[in-house]
Amino acid sequence: MAAFQTTPWRLICGILAVICLVLMAVSGILLKNCSECCSCQENWIGYQCNCYFISNERKTWAESRDFCVSQNSSLLQLQNKDELSFSNHIKFFYWIGLSYNEEQGLWQWEDGSALSPDLFSFSQLVNTRYCIIYSTSGSFMGEACQRENRYVCKKQLI
């Protein structure tokens, strides 16, 4: 009789063990996916599922763009003014992926999207023949695209 009463408990324990194994497998998959989201290659900084390369070397705007492309990324396209808040200690100006499209008569990001007026408000003082350099303090200015500056590449992971 005692053996008959322990059989339901063994069944319940077996079911719970299987549930635990399934939950462990699912949590392992989720943790792996999360770490891939925030996993950046060496010398890149991971922040909010993006990877950023903040250069110390100076290149022209076109050379900077080409370097970023060679790294499967692009020059920084800001989504908001606080995007680089993790790097407030940086005091230099950097090339970003913003330049003037003369045919369309507007400032564009590398991907062809127009600059949002909420992000920057350019005055007539910014020469449209220039590319834009940006500081993590939120300052920006136009600079001849042939000048050499540091640059920021961005790679979106999701």
# chains A, B, ... in the order shown; residues from 1 in each chain; ligands from 1
$ residues_around --residues "Cys153 in chain A" --least-positions-apart "2" --cutoff "8 Å" --atoms "only C-alpha atoms" --output "ChimeraX atom specification"
/A:52-54,68,73-76,96,151,155
$ write_last_selection --atoms "all heavy atoms" --output "JSON list (two decimals), in the first residue's frame"
[["chain", "number", "residue", "atom", "x", "y", "z"],
["A", 52, "TYR", "N", 29.82, 51.09, -30.66],
["A", 52, "TYR", "CA", 30.41, 52.36, -31.10],
["A", 52, "TYR", "C", 31.92, 52.23, -31.12],
["A", 52, "TYR", "O", 32.52, 51.68, -30.20],
["A", 52, "TYR", "CB", 30.03, 53.50, -30.15],
["A", 52, "TYR", "CG", 28.55, 53.75, -30.07],
["A", 52, "TYR", "CD1", 27.75, 53.06, -29.16],
["A", 52, "TYR", "CD2", 27.94, 54.68, -30.91],
["A", 52, "TYR", "CE1", 26.38, 53.29, -29.09],
["A", 52, "TYR", "CE2", 26.58, 54.91, -30.84],
["A", 52, "TYR", "CZ", 25.81, 54.21, -29.93],
["A", 52, "TYR", "OH", 24.45, 54.44, -29.86],
["A", 53, "PHE", "N", 32.51, 52.74, -32.18],
["A", 53, "PHE", "CA", 33.97, 52.83, -32.27],
["A", 53, "PHE", "C", 34.31, 54.31, -32.23],
["A", 53, "PHE", "O", 33.90, 55.07, -33.11],
["A", 53, "PHE", "CB", 34.50, 52.20, -33.56],
["A", 53, "PHE", "CG", 35.98, 52.32, -33.70],
["A", 53, "PHE", "CD1", 36.83, 51.48, -33.01],
["A", 53, "PHE", "CD2", 36.53, 53.30, -34.52],
["A", 53, "PHE", "CE1", 38.21, 51.61, -33.12],
["A", 53, "PHE", "CE2", 37.90, 53.44, -34.65],
["A", 53, "PHE", "CZ", 38.74, 52.58, -33.95],
["A", 54, "ILE", "N", 35.01, 54.72, -31.21],
["A", 54, "ILE", "CA", 35.40, 56.13, -31.05],
["A", 54, "ILE", "C", 36.89, 56.21, -31.35],
["A", 54, "ILE", "O", 37.71, 55.72, -30.58],
["A", 54, "ILE", "CB", 35.06, 56.64, -29.63],
["A", 54, "ILE", "CG1", 33.56, 56.47, -29.40],
["A", 54, "ILE", "CG2", 35.50, 58.08, -29.46],
["A", 54, "ILE", "CD1", 33.10, 56.75, -28.00],
["A", 68, "CYS", "N", 34.51, 52.98, -41.45],
["A", 68, "CYS", "CA", 33.31, 52.44, -40.80],
["A", 68, "CYS", "C", 32.66, 51.37, -41.67],
["A", 68, "CYS", "O", 32.29, 50.30, -41.16],
["A", 68, "CYS", "CB", 32.31, 53.56, -40.50],
["A", 68, "CYS", "SG", 32.88, 54.76, -39.26],
["A", 73, "SER", "N", 29.78, 48.90, -40.42],
["A", 73, "SER", "CA", 29.08, 49.92, -39.64],
["A", 73, "SER", "C", 28.98, 51.18, -40.48],
["A", 73, "SER", "O", 29.27, 51.15, -41.67],
["A", 73, "SER", "CB", 29.85, 50.20, -38.33],
["A", 73, "SER", "OG", 31.13, 50.76, -38.61],
["A", 74, "SER", "N", 28.58, 52.27, -39.87],
["A", 74, "SER", "CA", 28.52, 53.55, -40.59],
["A", 74, "SER", "C", 28.95, 54.66, -39.63],
["A", 74, "SER", "O", 28.98, 54.47, -38.42],
["A", 74, "SER", "CB", 27.10, 53.82, -41.10],
["A", 74, "SER", "OG", 26.21, 53.90, -40.00],
["A", 75, "LEU", "N", 29.28, 55.80, -40.21],
["A", 75, "LEU", "CA", 29.54, 56.95, -39.34],
["A", 75, "LEU", "C", 28.29, 57.19, -38.50],
["A", 75, "LEU", "O", 27.17, 56.92, -38.94],
["A", 75, "LEU", "CB", 29.86, 58.20, -40.17],
["A", 75, "LEU", "CG", 31.28, 58.32, -40.70],
["A", 75, "LEU", "CD1", 31.40, 59.50, -41.66],
["A", 75, "LEU", "CD2", 32.28, 58.47, -39.56],
["A", 76, "LEU", "N", 28.49, 57.68, -37.32],
["A", 76, "LEU", "CA", 27.40, 57.85, -36.35],
["A", 76, "LEU", "C", 26.22, 58.60, -36.93],
["A", 76, "LEU", "O", 26.37, 59.68, -37.51],
["A", 76, "LEU", "CB", 27.92, 58.60, -35.12],
["A", 76, "LEU", "CG", 26.89, 58.95, -34.06],
["A", 76, "LEU", "CD1", 26.30, 57.69, -33.43],
["A", 76, "LEU", "CD2", 27.51, 59.83, -33.00],
["A", 96, "ILE", "N", 30.62, 62.76, -37.92],
["A", 96, "ILE", "CA", 29.43, 61.92, -37.88],
["A", 96, "ILE", "C", 28.90, 61.80, -39.31],
["A", 96, "ILE", "O", 29.39, 62.48, -40.20],
["A", 96, "ILE", "CB", 28.35, 62.48, -36.91],
["A", 96, "ILE", "CG1", 27.88, 63.87, -37.34],
["A", 96, "ILE", "CG2", 28.89, 62.49, -35.48],
["A", 96, "ILE", "CD1", 26.73, 64.42, -36.50],
["A", 151, "TYR", "N", 36.61, 60.31, -35.50],
["A", 151, "TYR", "CA", 35.30, 59.93, -36.01],
["A", 151, "TYR", "C", 34.67, 58.88, -35.10],
["A", 151, "TYR", "O", 35.34, 58.25, -34.29],
["A", 151, "TYR", "CB", 35.41, 59.40, -37.45],
["A", 151, "TYR", "CG", 36.43, 58.30, -37.61],
["A", 151, "TYR", "CD1", 36.05, 56.97, -37.54],
["A", 151, "TYR", "CD2", 37.77, 58.59, -37.80],
["A", 151, "TYR", "CE1", 36.99, 55.95, -37.67],
["A", 151, "TYR", "CE2", 38.71, 57.60, -37.93],
["A", 151, "TYR", "CZ", 38.32, 56.28, -37.86],
["A", 151, "TYR", "OH", 39.26, 55.30, -37.99],
["A", 155, "LYS", "N", 27.43, 50.63, -35.07],
["A", 155, "LYS", "CA", 26.92, 49.38, -35.61],
["A", 155, "LYS", "C", 25.70, 49.00, -34.78],
["A", 155, "LYS", "O", 25.79, 48.84, -33.56],
["A", 155, "LYS", "CB", 27.98, 48.28, -35.50],
["A", 155, "LYS", "CG", 27.59, 46.97, -36.13],
["A", 155, "LYS", "CD", 28.64, 45.90, -35.92],
["A", 155, "LYS", "CE", 29.98, 46.29, -36.51],
["A", 155, "LYS", "NZ", 30.95, 45.20, -36.50]]
$ residues_around --residues "range 123-140 of chain A" --least-positions-apart "3" --cutoff "12 Å" --atoms "only C-alpha atoms" --output "PyMOL selection string"
chain A and resi 54+60-62+64-65+75-78+80-110+115+117+119-120+143-152
$ write_last_selection --atoms "C-alpha atoms" --output "PDB file, in the first residue's frame"
ATOM      1  CA  ILE A  54      35.400  56.131 -31.052  1.00  0.00           C
ATOM      2  CA  THR A  60      38.996  62.924 -43.674  1.00  0.00           C
ATOM      3  CA  TRP A  61      35.210  62.507 -43.652  1.00  0.00           C
ATOM      4  CA  ALA A  62      35.339  60.150 -46.668  1.00  0.00           C
ATOM      5  CA  SER A  64      36.279  57.886 -41.889  1.00  0.00           C
ATOM      6  CA  ARG A  65      33.146  56.744 -43.709  1.00  0.00           C
ATOM      7  CA  LEU A  75      29.538  56.954 -39.343  1.00  0.00           C
ATOM      8  CA  LEU A  76      27.404  57.850 -36.351  1.00  0.00           C
ATOM      9  CA  GLN A  77      23.792  58.671 -37.111  1.00  0.00           C
ATOM     10  CA  LEU A  78      22.356  60.221 -33.972  1.00  0.00           C
ATOM     11  CA  ASN A  80      18.684  61.680 -30.136  1.00  0.00           C
ATOM     12  CA  LYS A  81      20.895  64.239 -28.405  1.00  0.00           C
ATOM     13  CA  ASP A  82      21.633  61.898 -25.492  1.00  0.00           C
ATOM     14  CA  GLU A  83      22.772  58.955 -27.583  1.00  0.00           C
ATOM     15  CA  LEU A  84      26.431  59.377 -26.657  1.00  0.00           C
ATOM     16  CA  SER A  85      25.753  60.183 -22.997  1.00  0.00           C
ATOM     17  CA  PHE A  86      27.871  57.179 -21.979  1.00  0.00           C
ATOM     18  CA  SER A  87      30.958  58.986 -23.319  1.00  0.00           C
ATOM     19  CA  ASN A  88      30.675  62.409 -21.687  1.00  0.00           C
ATOM     20  CA  HIS A  89      34.349  62.291 -20.733  1.00  0.00           C
ATOM     21  CA  ILE A  90      35.385  62.700 -24.390  1.00  0.00           C
ATOM     22  CA  LYS A  91      36.259  66.300 -25.191  1.00  0.00           C
ATOM     23  CA  PHE A  92      37.001  66.211 -28.922  1.00  0.00           C
ATOM     24  CA  PHE A  93      34.925  66.801 -32.029  1.00  0.00           C
ATOM     25  CA  TYR A  94      34.206  63.782 -34.244  1.00  0.00           C
ATOM     26  CA  TRP A  95      32.979  63.232 -37.777  1.00  0.00           C
ATOM     27  CA  ILE A  96      29.430  61.920 -37.881  1.00  0.00           C
ATOM     28  CA  GLY A  97      27.472  60.652 -40.874  1.00  0.00           C
ATOM     29  CA  LEU A  98      25.826  63.969 -41.702  1.00  0.00           C
ATOM     30  CA  SER A  99      26.490  65.989 -44.850  1.00  0.00           C
ATOM     31  CA  TYR A 100      24.630  68.327 -47.171  1.00  0.00           C
ATOM     32  CA  ASN A 101      22.883  66.927 -50.252  1.00  0.00           C
ATOM     33  CA  GLU A 102      23.005  69.718 -52.834  1.00  0.00           C
ATOM     34  CA  GLU A 103      20.556  68.004 -55.225  1.00  0.00           C
ATOM     35  CA  GLN A 104      17.850  67.771 -52.594  1.00  0.00           C
ATOM     36  CA  GLY A 105      18.865  70.916 -50.734  1.00  0.00           C
ATOM     37  CA  LEU A 106      18.952  69.365 -47.270  1.00  0.00           C
ATOM     38  CA  TRP A 107      21.181  67.843 -44.614  1.00  0.00           C
ATOM     39  CA  GLN A 108      21.154  64.056 -44.809  1.00  0.00           C
ATOM     40  CA  TRP A 109      22.497  61.106 -42.916  1.00  0.00           C
ATOM     41  CA  GLU A 110      24.512  58.486 -44.768  1.00  0.00           C
ATOM     42  CA  LEU A 115      18.094  65.432 -40.496  1.00  0.00           C
ATOM     43  CA  PRO A 117      14.891  69.586 -37.015  1.00  0.00           C
ATOM     44  CA  LEU A 119      18.033  67.143 -33.288  1.00  0.00           C
ATOM     45  CA  PHE A 120      20.006  70.138 -34.560  1.00  0.00           C
ATOM     46  CA  GLU A 143      34.206  71.535 -41.073  1.00  0.00           C
ATOM     47  CA  ALA A 144      35.737  71.128 -44.531  1.00  0.00           C
ATOM     48  CA  CYS A 145      35.247  67.456 -45.375  1.00  0.00           C
ATOM     49  CA  GLN A 146      38.896  67.165 -46.466  1.00  0.00           C
ATOM     50  CA  ARG A 147      40.178  68.113 -42.999  1.00  0.00           C
ATOM     51  CA  GLU A 148      41.236  65.291 -40.735  1.00  0.00           C
ATOM     52  CA  ASN A 149      39.299  64.662 -37.525  1.00  0.00           C
ATOM     53  CA  ARG A 150      38.515  61.814 -35.210  1.00  0.00           C
ATOM     54  CA  TYR A 151      35.303  59.931 -36.014  1.00  0.00           C
ATOM     55  CA  VAL A 152      32.622  57.706 -34.473  1.00  0.00           C
TER      56      VAL A 152
END
